[in-house]
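Engineer: Let me begin by handing over the structure; questions about it come next.
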Amino acid sequence: MADAQQTQEQATQLINDLQDINLVKIAFIVLGTWLTIHLIRRALPYLAERGPNQTRLFLLGAVPIARLLLLALAILWVTPLIFNVTLQNFLVIAGAASVAIGFAFKDYISSLIAGIVAIIERPYRPGDWIEIGDDYGEVCSVGMRAIQIRTAADNIITIPHDTIWTTNIANSNDGARTLMCIAEFYVAPDHDAAGLRSALQDVAMTSAYLEYDKPVLVMLKETPWGTRYQLKAYPFDMRDQFSFISDMTVRGKQAIADAGARAIAAPASADVAA
Amino acid sequence: MDQVEVFQPVEAYDPPSLPTADWLHSTITRVRALFQRSDAQPFIADDRLRRSTLDMLDQVVAPPACGPLIEELQATLASWIDADQPQSRQQLIILPPCDEKGVIESWAERYGHPLLAAPARETLFTAGADMLPALDGDDVLVIPRLEDWFVRHRNGLTLVRALLSRIDGLDRRCVIGCNSWAWAFLSKAVGAHLVLPNGLTFKPFDAPRLAQWFAELADAESLDNVRFRLPDSGEDVLAHDDEGQLTNDHFAALAAESRGVPWVAWHMWRHSLRSTDDTSDEDDDAGAVDGVPAEPGLGVPGDEQTLWVVALEQFSLPSDAAEPEALIVLQALLIHGALTLDQLALITPIVGQSNVLAALLRAGVVHRDGRLFRCTPTAYPAIRSGLHTAGFSMDRL
């Protein structure tokens, strides 16, 4: 009987009296936070796509940060309205939450925590072009639990944040407005390599997509089936990367033909990556 | 101008800034443009100036559009030309684009310096170093437009490389002109800045310089009765206070909108002028055109020599001209100065048939000069702003 009374007192202390909880105020806080986050998620990407290129990534990257801050603010505001916040109560709540999370929501909570870590460590941001596993695309949203990337084939792929615990993430631009593009050519070995290298350099230099402040490189390597050329350059806007690579490829093939060289294809059985 | 200004290093070029009220207006317009892209109006409203008005413009705002730059260039180069042992045998002059009449050509012709003519652009795709003419001589050689010596094409850089190499070893004074967009490209593509490191350009035309220049143009034809008045207040835009300062911000706004480029300001100034005669037959019902009062009264003198100054309200490209394809074409035109349709097709990565030029012409952003297409000078600030907003590689000026 005494134990039951003690437990009831603890429960009374843990949660404020129902008549003292301002439900209207809580509803306003929750609704206001939700509306503000919704507005930010709509407005900032809209402005980012239509505003200056220089501010695009900044605006896109502000969305998850703003959402995290607003959520934290709302939680900090609502918690004392419901709970009697003391160290003892905090330990009670944390203990109960740990049990629930450990059994029921482990993966979900893991993704949520990974999402917070991702916002702080920034392995990816909205607008970045990343590769996770075999999927390469632009990060179009960073949610609480997962990110969405849009691939070159216009597929939307949802990847939970907790992937960052176990998988390498390749970020092509890492917050910059441009990224390296590579056009590859395979040429039969018997040709003037110096002349072709110079011609391919001019192919990149004269592209309308070229970013002037970044370098242009032509790398070549002998392989068992021919000489592999890699033309590396940066477009002024990473959204043009596929157009840029296509432009360099088309004109690179013309340059190879003009140089008297012969483009070749790797044998079907060959491991190109090697 | 009592004292002739001299050219300054390119790095020192600082375009005039807008007055606060105009800056606010410009900012609001830009923000509004973020939400309204369905602008079907031409960039520059249909030119409502009648022929008679254009004749009058040729009197009160007479060509050339370069103002005092020829004298300033001479003042800049005179000591270098006369020096026995100049520090450098080359002088690079970098100018903003849309200089259709050619400041450097005009200077060379006036002071008797030989010009090196560029080959036809069509030949540059196949040109070799052997096409380069002999450059030897004793007097000052002038290459007025370096942009005429290359094409932004994988086969179009041979001749300009050979020319720069020849200039580098030339034992002769040489003045090389280049537009700022071409220079930015050449610095990247062929390292031109390593051969010609210290470019000069004019001091930007701020409000006092513009006001003085345009006042001199109006006075030059002995048109004493001409007044340039604002339609809303009737204020004379050329009026000065007791301390010699302009009494309104119109020229400050014009200087900022033109980025201090004289030929852009000159064209904007002409486009902003309306005669009172225009108002009577353009729009009788409304009684006003572009804010110009139909009655030449409204508390200000309405004699026939009054020209009304209408502000250019556009700050951004219309939607058709802000498409990526259009911007690529505009950048190509800025780099080369002028191109034919065939040349544009060769140097832009547009796939298939494109109607982008038609849209640019209709928008007034580009104009046709025979077979050549050029950017319209009045549209240059908006084009530059559009390219900057889209993230294109930019010029320095």
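All residue names refer to the structure tokens as shown: chains lettered A, B, ... in order, residues numbered from 1 in each chain, ligands numbered from 1 in order.
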Hey, list the chain B side of the contact with chain A: 10 Å cut-off, only C-alpha atoms, answer as a ChimeraX atom specification.
Structural biologist: /B:30-31,33-35,37,151-157,184-190,324,328-329,331-332,347-351,385-394
Engineer: Write out, as a compact mmCIF listing (two decimals), in the first residue's frame, the residues just selected, with N, CA and C atoms.
Structural biologist:
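Listed below is the output, selection-v9.txt:
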# COMPACT_ATOMS: atom_id res chain seq x y z
N ARG B 30 14.02 43.30 -57.94
CA ARG B 30 14.66 41.98 -58.06
C ARG B 30 13.91 40.93 -57.25
N VAL B 31 13.51 41.30 -56.05
CA VAL B 31 12.76 40.34 -55.22
C VAL B 31 11.44 40.00 -55.90
N ALA B 33 10.91 40.05 -58.99
CA ALA B 33 11.19 39.22 -60.17
C ALA B 33 11.34 37.74 -59.80
N LEU B 34 11.72 37.48 -58.53
CA LEU B 34 11.83 36.08 -58.10
C LEU B 34 10.49 35.37 -58.16
N PHE B 35 9.43 36.14 -57.97
CA PHE B 35 8.11 35.54 -57.93
C PHE B 35 7.32 35.75 -59.20
N ARG B 37 7.93 35.60 -63.15
CA ARG B 37 8.80 35.38 -64.30
C ARG B 37 8.01 35.37 -65.61
N VAL B 151 38.46 32.52 -81.91
CA VAL B 151 37.09 32.05 -81.77
C VAL B 151 37.10 31.06 -80.61
N ARG B 152 36.10 31.13 -79.77
CA ARG B 152 36.05 30.18 -78.65
C ARG B 152 35.64 28.81 -79.18
N HIS B 153 36.58 28.20 -79.83
CA HIS B 153 36.36 26.90 -80.47
C HIS B 153 37.67 26.14 -80.35
N ARG B 154 37.60 24.83 -80.33
CA ARG B 154 38.83 24.06 -80.11
C ARG B 154 39.87 24.31 -81.20
N ASN B 155 39.44 24.77 -82.39
CA ASN B 155 40.39 25.09 -83.44
C ASN B 155 40.58 26.60 -83.62
N GLY B 156 40.05 27.37 -82.70
CA GLY B 156 40.03 28.81 -82.92
C GLY B 156 41.03 29.61 -82.12
N LEU B 157 42.00 28.94 -81.48
CA LEU B 157 42.93 29.66 -80.61
C LEU B 157 44.34 29.75 -81.19
N ALA B 184 38.97 37.94 -70.07
CA ALA B 184 38.79 36.90 -69.04
C ALA B 184 38.94 35.51 -69.66
N PHE B 185 38.37 35.34 -70.86
CA PHE B 185 38.48 34.04 -71.51
C PHE B 185 39.93 33.75 -71.93
N LEU B 186 40.57 34.75 -72.55
CA LEU B 186 41.94 34.54 -73.03
C LEU B 186 42.91 34.30 -71.88
N SER B 187 42.67 34.95 -70.76
CA SER B 187 43.54 34.73 -69.60
C SER B 187 43.46 33.28 -69.16
N LYS B 188 42.27 32.71 -69.22
CA LYS B 188 42.11 31.31 -68.83
C LYS B 188 42.63 30.36 -69.91
N ALA B 189 42.22 30.62 -71.15
CA ALA B 189 42.45 29.62 -72.20
C ALA B 189 43.88 29.62 -72.71
N VAL B 190 44.49 30.78 -72.84
CA VAL B 190 45.84 30.83 -73.42
C VAL B 190 46.84 31.56 -72.52
N PRO B 324 18.78 29.22 -69.77
CA PRO B 324 20.20 28.86 -69.88
C PRO B 324 20.76 28.96 -71.30
N ILE B 328 23.87 31.40 -72.53
CA ILE B 328 25.07 30.89 -73.21
C ILE B 328 25.33 31.69 -74.48
N VAL B 329 24.28 31.98 -75.23
CA VAL B 329 24.43 32.78 -76.44
C VAL B 329 24.92 34.19 -76.10
N GLN B 331 26.62 35.19 -73.50
CA GLN B 331 28.02 35.19 -73.09
C GLN B 331 28.95 35.07 -74.31
N ALA B 332 28.55 34.23 -75.26
CA ALA B 332 29.37 34.09 -76.47
C ALA B 332 29.44 35.42 -77.23
N ILE B 347 30.05 27.61 -81.92
CA ILE B 347 30.75 27.82 -80.64
C ILE B 347 29.85 27.71 -79.42
N THR B 348 28.57 27.44 -79.62
CA THR B 348 27.70 27.21 -78.46
C THR B 348 27.24 25.76 -78.47
N PRO B 349 27.06 25.19 -77.31
CA PRO B 349 26.73 23.75 -77.23
C PRO B 349 25.24 23.48 -77.35
N ILE B 350 24.54 24.32 -78.07
CA ILE B 350 23.10 24.13 -78.18
C ILE B 350 22.82 22.97 -79.13
N VAL B 351 21.97 22.06 -78.67
CA VAL B 351 21.68 20.86 -79.43
C VAL B 351 20.47 21.10 -80.33
N SER B 385 24.21 41.18 -65.29
CA SER B 385 23.58 40.76 -64.04
C SER B 385 22.99 39.36 -64.17
N GLY B 386 22.36 39.10 -65.32
CA GLY B 386 21.77 37.77 -65.55
C GLY B 386 22.82 36.68 -65.56
N LEU B 387 23.95 36.95 -66.21
CA LEU B 387 25.03 35.96 -66.26
C LEU B 387 25.63 35.75 -64.86
N HIS B 388 25.76 36.84 -64.13
CA HIS B 388 26.30 36.71 -62.77
C HIS B 388 25.36 35.89 -61.88
N THR B 389 24.08 36.18 -62.01
CA THR B 389 23.09 35.46 -61.20
C THR B 389 23.11 33.97 -61.53
N ALA B 390 23.31 33.65 -62.80
CA ALA B 390 23.32 32.24 -63.21
C ALA B 390 24.65 31.56 -62.91
N GLY B 391 25.62 32.31 -62.45
CA GLY B 391 26.89 31.71 -62.03
C GLY B 391 27.94 31.61 -63.11
N PHE B 392 27.75 32.28 -64.25
CA PHE B 392 28.73 32.20 -65.33
C PHE B 392 30.07 32.79 -64.89
N SER B 393 31.12 32.34 -65.54
CA SER B 393 32.43 32.97 -65.33
C SER B 393 32.35 34.39 -65.87
N MET B 394 32.84 35.33 -65.07
CA MET B 394 32.61 36.74 -65.38
C MET B 394 33.88 37.45 -65.81
Engineer: When you look at Tyr186 in chain A with a cut-off of 6 Å (counting only C-alpha atoms), what residues show up, excluding the ones that are within fewer than 3 positions of it in the same chain? I need them as a list in words.
Structural biologist: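 Non-adjacent residues within range: Thr227, Arg228, Ala263 and Ile264 of chain A.
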Engineer: Within 12 Å of Ile113 in chain A, counting only C-alpha atoms, which residues show up once you throw out same-chain ones fewer than 6 positions away? Write them as a list in words, please.
Structural biologist: Leu68, Phe105, Lys106, Asp107, Ile119, Ile120, Gly143, Met144, Arg145, Ala146, Pro160, His161, Asp162, Thr163, Ile164 and Trp165 of chain A
Engineer: Within 8 Å of range 118-123 of chain B, counting only C-alpha atoms, which residues qualify if same-chain residues fewer than 2 places away don't, as a list in words?
Structural biologist: Leu116, Phe125, Thr126, Ala127, Asp148, Trp149, Phe150, Val151 and Gln343 of chain B
Engineer: May I have the residues from that selection written out with C-alpha atoms, as a PDB file, in the first residue's frame?
Structural biologist:
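Okay, again21.pdb is ready:
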ATOM      1  CA  LEU B 116      46.644  45.823 -87.405  1.00  0.00           C
ATOM      2  CA  PHE B 125      38.741  28.037 -87.490  1.00  0.00           C
ATOM      3  CA  THR B 126      41.468  26.840 -89.820  1.00  0.00           C
ATOM      4  CA  ALA B 127      44.064  29.554 -89.321  1.00  0.00           C
ATOM      5  CA  ASP B 148      38.767  39.529 -83.305  1.00  0.00           C
ATOM      6  CA  TRP B 149      41.791  37.222 -83.328  1.00  0.00           C
ATOM      7  CA  PHE B 150      40.225  34.102 -81.872  1.00  0.00           C
ATOM      8  CA  VAL B 151      37.087  32.047 -81.767  1.00  0.00           C
ATOM      9  CA  GLN B 343      29.471  31.070 -85.975  1.00  0.00           C
TER      10      GLN B 343
END
Engineer: Could you pull the residues within 7 Å of Leu339 in chain B, counting only C-alpha atoms, minus those fewer than 4 positions along the same chain, as an MDAnalysis selection string?
Structural biologist: chainID B and resid 333 343:344 372:373
